[in-house]
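File shown here: work_24.tsv, holding TSV, C-alpha atoms and all ligand atoms.
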```
chain	number	residue	atom	x	y	z
I	5	MET	CA	111.84	113.30	101.06
I	6	GLY	CA	110.70	114.83	104.35
I	7	ILE	CA	109.47	117.92	102.56
I	8	ILE	CA	107.52	115.87	100.03
I	9	SER	CA	105.78	113.73	102.67
I	10	ARG	CA	104.91	116.78	104.75
I	11	GLY	CA	103.44	118.47	101.71
I	12	PHE	CA	101.48	115.36	100.80
I	13	SER	CA	100.07	114.95	104.33
I	14	GLY	CA	99.11	118.61	104.44
I	15	ARG	CA	97.23	118.37	101.19
I	16	SER	CA	95.44	115.17	102.31
I	17	ARG	CA	94.30	116.83	105.48
I	18	GLU	CA	92.81	119.73	103.58
I	19	HIS	CA	91.06	117.84	100.82
I	20	ASN	CA	89.98	114.44	102.08
I	21	PRO	CA	86.57	114.64	103.79
I	22	ASP	CA	87.01	111.09	105.13
I	23	LEU	CA	89.98	112.15	107.23
I	24	PRO	CA	89.04	113.36	110.74
I	25	PRO	CA	90.61	116.61	111.96
I	26	GLY	CA	94.34	116.42	112.72
I	27	GLN	CA	94.82	113.04	110.98
I	28	TYR	CA	97.08	112.10	108.02
I	29	LEU	CA	96.91	109.15	105.64
I	30	ALA	CA	99.24	106.27	106.48
I	31	GLU	CA	100.43	104.22	103.52
I	32	ASP	CA	101.67	101.31	105.66
I	33	PHE	CA	99.98	99.71	108.67
I	34	PRO	CA	101.86	100.88	111.79
I	35	VAL	CA	102.11	98.54	114.79
I	36	LEU	CA	101.43	100.10	118.19
I	37	SER	CA	101.65	97.79	121.20
I	38	ALA	CA	102.26	98.68	124.83
I	39	GLY	CA	103.92	95.31	125.47
I	40	PRO	CA	105.18	92.15	123.75
I	41	THR	CA	103.13	90.31	121.13
I	42	PRO	CA	101.60	87.21	122.74
I	43	ASP	CA	101.75	83.88	120.91
I	44	ILE	CA	98.19	82.49	121.00
I	45	ASP	CA	97.18	79.21	119.40
I	46	THR	CA	93.55	79.17	118.28
I	47	ALA	CA	93.25	75.71	119.91
I	48	ASP	CA	93.89	77.38	123.28
I	49	TRP	CA	91.97	80.58	122.53
I	50	SER	CA	88.72	81.32	124.32
I	51	PHE	CA	86.50	84.32	124.70
I	52	ARG	CA	84.41	85.18	127.74
I	53	VAL	CA	81.67	87.68	128.51
I	54	GLN	CA	81.03	88.28	132.20
I	55	THR	CA	77.92	90.07	133.41
I	56	GLU	CA	76.93	91.73	136.67
I	57	SER	CA	75.13	88.57	137.83
I	58	GLY	CA	78.49	86.79	137.79
I	59	LYS	CA	77.35	84.68	134.88
I	60	GLN	CA	80.02	83.86	132.32
I	61	TYR	CA	79.43	83.12	128.66
I	62	THR	CA	82.34	81.48	126.85
I	63	TRP	CA	83.21	80.61	123.26
I	64	SER	CA	85.99	78.45	121.87
I	65	TRP	CA	87.61	79.49	118.58
I	66	ASP	CA	85.36	77.13	116.60
I	67	GLU	CA	82.23	78.24	118.44
I	68	MET	CA	83.09	81.86	117.74
I	69	GLN	CA	83.71	81.19	114.02
I	70	ALA	CA	80.42	79.29	113.88
I	71	LEU	CA	78.58	82.52	114.75
I	72	GLY	CA	79.48	83.62	111.23
I	73	LEU	CA	82.07	85.94	109.75
I	74	GLU	CA	81.11	89.09	107.90
I	75	GLU	CA	83.06	91.41	105.61
I	76	ILE	CA	83.97	94.78	107.08
I	77	HIS	CA	85.16	97.74	105.02
I	78	THR	CA	86.07	100.65	107.21
I	79	ASP	CA	88.39	103.54	107.97
I	80	ILE	CA	90.59	103.40	111.08
I	81	HIS	CA	92.02	106.34	113.04
I	82	CYS	CA	94.86	106.20	115.55
I	83	VAL	CA	95.20	108.89	118.21
I	84	THR	CA	98.87	109.25	117.15
I	85	ARG	CA	97.34	110.87	114.00
I	86	TRP	CA	97.60	108.20	111.32
I	87	SER	CA	94.47	106.99	109.56
I	88	LYS	CA	93.89	104.26	107.00
I	89	LEU	CA	90.89	104.53	104.72
I	90	GLY	CA	88.99	101.60	103.22
I	91	THR	CA	90.62	98.77	105.18
I	92	SER	CA	89.17	95.25	104.72
I	93	TRP	CA	88.54	92.83	107.55
I	94	ARG	CA	86.44	89.80	108.37
I	95	GLY	CA	85.02	89.26	111.80
I	96	ILE	CA	82.14	88.29	114.04
I	97	SER	CA	79.64	91.02	114.83
I	98	LEU	CA	79.31	91.84	118.53
I	99	ASP	CA	75.54	91.81	117.91
I	100	LYS	CA	75.79	88.04	117.54
I	101	ILE	CA	77.72	87.70	120.78
I	102	PHE	CA	75.32	89.89	122.74
I	103	ALA	CA	72.18	88.32	121.26
I	104	GLY	CA	71.97	85.78	124.09
I	105	ILE	CA	73.35	87.88	126.92
I	106	GLU	CA	71.28	89.41	129.69
I	107	THR	CA	72.66	92.58	131.24
I	108	GLU	CA	71.41	95.88	132.61
I	109	ASN	CA	74.89	97.41	132.53
I	110	ALA	CA	75.67	100.11	129.97
I	111	TYR	CA	79.50	99.87	129.94
I	112	VAL	CA	82.02	97.27	128.91
I	113	MET	CA	85.66	96.64	129.77
I	114	ALA	CA	87.47	94.79	127.01
I	115	HIS	CA	90.26	92.50	128.25
I	116	SER	CA	93.17	91.08	126.29
I	117	TYR	CA	95.79	88.38	126.58
I	118	GLY	CA	98.75	90.25	128.11
I	119	GLY	CA	96.56	92.40	130.36
I	120	TYR	CA	95.56	95.33	128.13
I	121	THR	CA	92.14	96.80	128.89
I	122	THR	CA	89.94	99.47	127.33
I	123	ASN	CA	86.46	100.75	128.24
I	124	VAL	CA	83.61	101.19	125.73
I	125	PRO	CA	79.91	101.96	126.18
I	126	LEU	CA	77.84	98.88	125.28
I	127	GLU	CA	75.83	100.82	122.70
I	128	ASP	CA	79.07	101.50	120.79
I	129	LEU	CA	79.55	97.75	120.37
I	130	LEU	CA	76.03	97.05	119.04
I	131	ASP	CA	74.04	97.73	115.84
I	132	GLY	CA	76.80	96.76	113.43
I	133	LYS	CA	79.43	99.05	114.93
I	134	ALA	CA	81.94	96.51	116.34
I	135	TRP	CA	83.43	93.09	115.64
I	136	ILE	CA	85.81	90.41	116.85
I	137	ALA	CA	88.09	90.63	113.81
I	138	THR	CA	90.04	87.53	112.78
I	139	GLU	CA	91.16	88.45	109.24
I	140	TYR	CA	92.76	91.49	107.65
I	141	ASP	CA	93.09	91.97	103.88
I	142	GLY	CA	92.08	88.38	103.14
I	143	GLU	CA	94.60	86.80	105.53
I	144	PRO	CA	94.43	85.58	109.12
I	145	LEU	CA	95.13	88.55	111.37
I	146	ASP	CA	98.88	89.02	111.90
I	147	PRO	CA	99.90	88.52	115.58
I	148	GLU	CA	101.43	92.03	115.61
I	149	HIS	CA	98.02	93.44	114.70
I	150	GLY	CA	96.21	91.42	117.34
I	151	GLY	CA	95.92	87.95	115.84
I	152	PRO	CA	94.32	85.58	116.20
I	153	ALA	CA	91.50	87.99	117.16
I	154	ARG	CA	91.10	91.65	118.06
I	155	LEU	CA	88.26	93.92	118.90
I	156	LEU	CA	87.43	96.27	116.01
I	157	VAL	CA	85.52	99.44	116.95
I	158	PRO	CA	86.45	101.64	114.01
I	159	HIS	CA	84.25	104.65	114.79
I	160	LEU	CA	86.39	105.32	117.90
I	161	TYR	CA	90.16	105.95	118.02
I	162	PHE	CA	92.04	102.73	117.38
I	163	TRP	CA	93.26	102.23	120.96
I	164	LYS	CA	89.68	101.05	121.69
I	165	SER	CA	90.25	98.16	119.26
I	166	ALA	CA	91.91	95.84	121.79
I	167	LYS	CA	94.37	93.44	120.17
I	168	TRP	CA	94.45	89.79	121.38
I	169	VAL	CA	91.04	90.34	122.96
I	170	ASN	CA	89.81	87.50	125.16
I	171	GLY	CA	86.82	88.87	126.93
I	172	LEU	CA	84.37	91.58	127.86
I	173	ARG	CA	83.29	92.43	131.39
I	174	MET	CA	80.06	94.36	131.91
I	175	MET	CA	80.34	97.44	134.15
I	176	GLU	CA	77.76	99.68	135.79
I	177	THR	CA	80.02	102.74	135.42
I	178	ASP	CA	82.40	103.86	132.67
I	179	ASP	CA	85.64	102.90	134.43
I	180	PRO	CA	88.87	103.75	132.57
I	181	GLY	CA	90.99	101.07	130.89
I	182	PHE	CA	94.78	101.04	130.37
I	183	TRP	CA	95.29	104.10	128.16
I	184	GLU	CA	92.30	105.92	129.64
I	185	GLN	CA	93.98	105.72	133.09
I	186	ASN	CA	97.07	107.18	131.44
I	187	GLY	CA	95.38	110.28	130.07
I	188	TYR	CA	93.58	109.15	126.94
I	189	HIS	CA	89.98	110.30	126.58
I	190	LEU	CA	87.30	108.14	128.19
I	191	TYR	CA	85.32	107.91	124.90
I	192	GLY	CA	87.65	108.78	121.99
I	193	ASP	CA	85.58	110.10	119.07
I	194	PRO	CA	88.06	110.95	116.27
I	195	TRP	CA	85.64	113.41	114.62
I	196	LEU	CA	85.50	115.41	117.87
I	197	GLU	CA	89.26	114.98	118.43
I	198	GLN	CA	88.66	113.41	121.84
I	199	ARG	CA	92.34	112.47	122.22
I	200	TYR	CA	93.31	113.23	125.80
I	201	TRP	CA	91.68	114.54	128.94
G	301	LIG	N1	96.21	94.43	123.62
G	301	LIG	C1	96.52	95.61	123.09
G	301	LIG	N2	95.65	96.18	122.24
G	301	LIG	C2	95.93	97.38	121.69
G	301	LIG	C3	97.11	98.07	122.03
G	301	LIG	C4	98.00	97.47	122.94
G	301	LIG	O1	99.05	98.01	123.28
G	301	LIG	N3	97.67	96.23	123.43
G	301	LIG	N4	97.34	99.32	121.47
G	301	LIG	C5	96.20	100.06	120.99
G	301	LIG	C6	96.58	101.20	120.21
G	301	LIG	S1	97.11	102.58	121.06
G	301	LIG	C7	96.42	101.24	118.86
G	301	LIG	S2	96.67	102.65	117.98
G	301	LIG	C8	96.06	100.03	118.11
G	301	LIG	C9	97.16	99.72	117.14
G	301	LIG	O2	96.83	98.60	116.37
G	301	LIG	P1	97.85	98.11	115.27
G	301	LIG	O3	99.14	97.78	116.00
G	301	LIG	O4	97.22	96.93	114.63
G	301	LIG	O5	98.06	99.25	114.33
G	301	LIG	O6	95.88	98.89	118.94
G	301	LIG	C10	95.27	99.17	120.17
G	301	LIG	N5	95.03	97.91	120.82
G	302	MO	MO	97.12	104.33	119.46
```
Take the structure I supplied and represent it as structure tokens, if you would.
Amino acid sequence: MGIISRGFSGRSREHNPDLPPGQYLAEDFPVLSAGPTPDIDTADWSFRVQTESGKQYTWSWDEMQALGLEEIHTDIHCVTRWSKLGTSWRGISLDKIFAGIETENAYVMAHSYGGYTTNVPLEDLLDGKAWIATEYDGEPLDPEHGGPARLLVPHLYFWKSAKWVNGLRMMETDDPGFWEQNGYHLYGDPWLEQRYW
């Protein structure tokens, strides 16, 4: 069994151009959480963007859904080397959230229920590159995978896709989040294998 899966992974790595260097294809959907899975009712859920002026923009669950869900078909890549190709999600584009927000800051800290944080340049969240995802594979997002809502930034390693996300804080500098303070790369491009620093 072990020999067969190693052989299969090796072949996938060599022949699949959609697989970034050093990644293998996962058949299942692994769960990776640094802490317990929070239990969040959408009635209590809210999302907040805070800018350098101190201004706060907030959305309830219904207000967020009213921005409009779009279909997302994308590959995801975890720094622990598994990738999934062609995953299906629905979510709200970050372009819609930032449409009414005034900021001069170029960096964002994503915050989650439970205290997880991760830093992302603002430009990596715009132009159709990132979403607040609320559905996976036609179902409401499983709590283990970040439900009711997670950040989805699939062009970066998956630790940037903060589960149970509840807000974004604008930053003038690219300050490190939780894993970035613990040695993960500040940016995390899977095609450049920006795993650790
Ligand atoms: N809030 C929160 N978000 C998180 C994490 C976490 O521990 N807490 N882990 C990150 C990491 S390292 C990965 S690989 C992905 C895993 O997502 P999954 O459990 O849905 O596969 O979530 C990311 N988002
Ligand atoms: Mo990860």
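You can rank I:Ala153, I:Val83, I:His159, I:Met174 by their closest distance to Gly187 of chain I using only C-alpha atoms, and at the top of that list sits I:Val83.
When the distance limit is 9 Å and all atoms listed in the file are what count, the residues near Ile101 of chain I, minus those fewer than 4 positions from it on the same chain, are Val53, Met68, Leu71, Ile96, Ser97 and Ile105 of chain I.
If only C-alpha atoms are the atoms counted, then among I:Ala30, I:Val169, I:Val157, I:Leu23 the closest residue to Pro42 of chain I is I:Val169.
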With 5 Å on each side, where is the centre of the axis-aligned box around all listed atoms of ligand LIG 301 (chain G), and how long are its edges in Å to one decimal, as AutoDock Vina command-line options?
```
--center_x 97.1 --center_y 98.5 --center_z 119.0 --size_x 14.1 --size_y 18.2 --size_z 19.3
```
Please provide the set of residues having any atom within 10 Å of Trp183 of chain I, restricted to all atoms listed in the file, with same-chain residues fewer than 5 positions apart removed, written as an NGL selection string.
:I and (38 or 120-123 or 163-164 or 188-190 or 200)
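Proximity ranking of I:Asp43, I:Glu143, I:Asp22, I:Asp193 relative to Gly118 of chain I places I:Asp43 first, based on all atoms listed in the file.
Proximity to His77 of chain I at 7 Å, evaluated using only C-alpha atoms and with sequence-adjacent residues fewer than 6 positions away removed, yields Gly90, Thr91, Ser92 and Trp93 of chain I.
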Could you complete segment 32-43 of chain I so that it carries all heavy atoms, and give it back as an mmCIF file, in the frame of the given file?
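The result, written out as result_7.cif:
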```
data_model
loop_
_atom_site.group_PDB
_atom_site.id
_atom_site.type_symbol
_atom_site.label_atom_id
_atom_site.label_comp_id
_atom_site.auth_asym_id
_atom_site.auth_seq_id
_atom_site.Cartn_x
_atom_site.Cartn_y
_atom_site.Cartn_z
ATOM 1 N N ASP I 32 101.423 102.641 105.079
ATOM 2 C CA ASP I 32 101.670 101.310 105.660
ATOM 3 C C ASP I 32 100.645 101.060 106.765
ATOM 4 O O ASP I 32 99.680 101.812 106.914
ATOM 5 C CB ASP I 32 103.103 101.248 106.188
ATOM 6 C CG ASP I 32 103.386 102.365 107.198
ATOM 7 O OD1 ASP I 32 102.551 103.292 107.298
ATOM 8 O OD2 ASP I 32 104.415 102.304 107.883
ATOM 9 N N PHE I 33 100.857 100.011 107.540
ATOM 10 C CA PHE I 33 99.980 99.710 108.670
ATOM 11 C C PHE I 33 100.870 99.682 109.915
ATOM 12 O O PHE I 33 101.478 98.660 110.237
ATOM 13 C CB PHE I 33 99.294 98.349 108.445
ATOM 14 C CG PHE I 33 98.158 98.029 109.379
ATOM 15 C CD1 PHE I 33 97.339 96.930 109.123
ATOM 16 C CD2 PHE I 33 97.874 98.805 110.499
ATOM 17 C CE1 PHE I 33 96.283 96.612 109.970
ATOM 18 C CE2 PHE I 33 96.820 98.500 111.351
ATOM 19 C CZ PHE I 33 96.029 97.396 111.086
ATOM 20 N N PRO I 34 100.981 100.826 110.624
ATOM 21 C CA PRO I 34 101.860 100.880 111.790
ATOM 22 C C PRO I 34 101.436 99.882 112.868
ATOM 23 O O PRO I 34 100.262 99.537 112.958
ATOM 24 C CB PRO I 34 101.683 102.323 112.306
ATOM 25 C CG PRO I 34 101.103 103.087 111.162
ATOM 26 C CD PRO I 34 100.295 102.107 110.385
ATOM 27 N N VAL I 35 102.404 99.419 113.645
ATOM 28 C CA VAL I 35 102.110 98.540 114.790
ATOM 29 C C VAL I 35 102.323 99.356 116.055
ATOM 30 O O VAL I 35 103.380 99.939 116.243
ATOM 31 C CB VAL I 35 103.056 97.318 114.790
ATOM 32 C CG1 VAL I 35 102.904 96.522 116.088
ATOM 33 C CG2 VAL I 35 102.783 96.429 113.581
ATOM 34 N N LEU I 36 101.305 99.411 116.906
ATOM 35 C CA LEU I 36 101.430 100.100 118.190
ATOM 36 C C LEU I 36 100.983 99.155 119.296
ATOM 37 O O LEU I 36 99.798 98.839 119.418
ATOM 38 C CB LEU I 36 100.574 101.366 118.209
ATOM 39 C CG LEU I 36 101.196 102.547 117.452
ATOM 40 C CD1 LEU I 36 100.427 102.824 116.192
ATOM 41 C CD2 LEU I 36 101.250 103.762 118.338
ATOM 42 N N SER I 37 101.930 98.701 120.098
ATOM 43 C CA SER I 37 101.650 97.790 121.200
ATOM 44 C C SER I 37 102.372 98.275 122.438
ATOM 45 O O SER I 37 103.536 98.658 122.359
ATOM 46 C CB SER I 37 102.135 96.366 120.873
ATOM 47 O OG SER I 37 101.566 95.908 119.668
ATOM 48 N N ALA I 38 101.664 98.237 123.567
ATOM 49 C CA ALA I 38 102.260 98.680 124.830
ATOM 50 C C ALA I 38 103.153 97.605 125.436
ATOM 51 O O ALA I 38 103.901 97.877 126.368
ATOM 52 C CB ALA I 38 101.166 99.089 125.808
ATOM 53 N N GLY I 39 103.100 96.399 124.923
ATOM 54 C CA GLY I 39 103.920 95.310 125.470
ATOM 55 C C GLY I 39 104.257 94.326 124.374
ATOM 56 O O GLY I 39 104.034 94.599 123.196
ATOM 57 N N PRO I 40 104.796 93.157 124.747
ATOM 58 C CA PRO I 40 105.180 92.150 123.750
ATOM 59 C C PRO I 40 103.965 91.533 123.070
ATOM 60 O O PRO I 40 102.857 91.559 123.608
ATOM 61 C CB PRO I 40 105.945 91.103 124.561
ATOM 62 C CG PRO I 40 105.481 91.280 125.969
ATOM 63 C CD PRO I 40 105.112 92.719 126.124
ATOM 64 N N THR I 41 104.191 90.990 121.882
ATOM 65 C CA THR I 41 103.130 90.310 121.130
ATOM 66 C C THR I 41 102.963 88.894 121.665
ATOM 67 O O THR I 41 103.898 88.101 121.601
ATOM 68 C CB THR I 41 103.512 90.261 119.636
ATOM 69 O OG1 THR I 41 103.569 91.595 119.142
ATOM 70 C CG2 THR I 41 102.482 89.466 118.831
ATOM 71 N N PRO I 42 101.791 88.572 122.225
ATOM 72 C CA PRO I 42 101.600 87.210 122.740
ATOM 73 C C PRO I 42 101.430 86.202 121.609
ATOM 74 O O PRO I 42 100.981 86.550 120.515
ATOM 75 C CB PRO I 42 100.333 87.315 123.583
ATOM 76 C CG PRO I 42 99.608 88.501 123.080
ATOM 77 C CD PRO I 42 100.616 89.417 122.449
ATOM 78 N N ASP I 43 101.838 84.966 121.883
ATOM 79 C CA ASP I 43 101.750 83.880 120.910
ATOM 80 C C ASP I 43 100.548 83.028 121.320
ATOM 81 O O ASP I 43 100.611 82.308 122.300
ATOM 82 C CB ASP I 43 103.058 83.076 120.964
ATOM 83 C CG ASP I 43 103.063 81.935 119.963
ATOM 84 O OD1 ASP I 43 102.152 81.873 119.103
ATOM 85 O OD2 ASP I 43 103.972 81.092 120.052
#
```
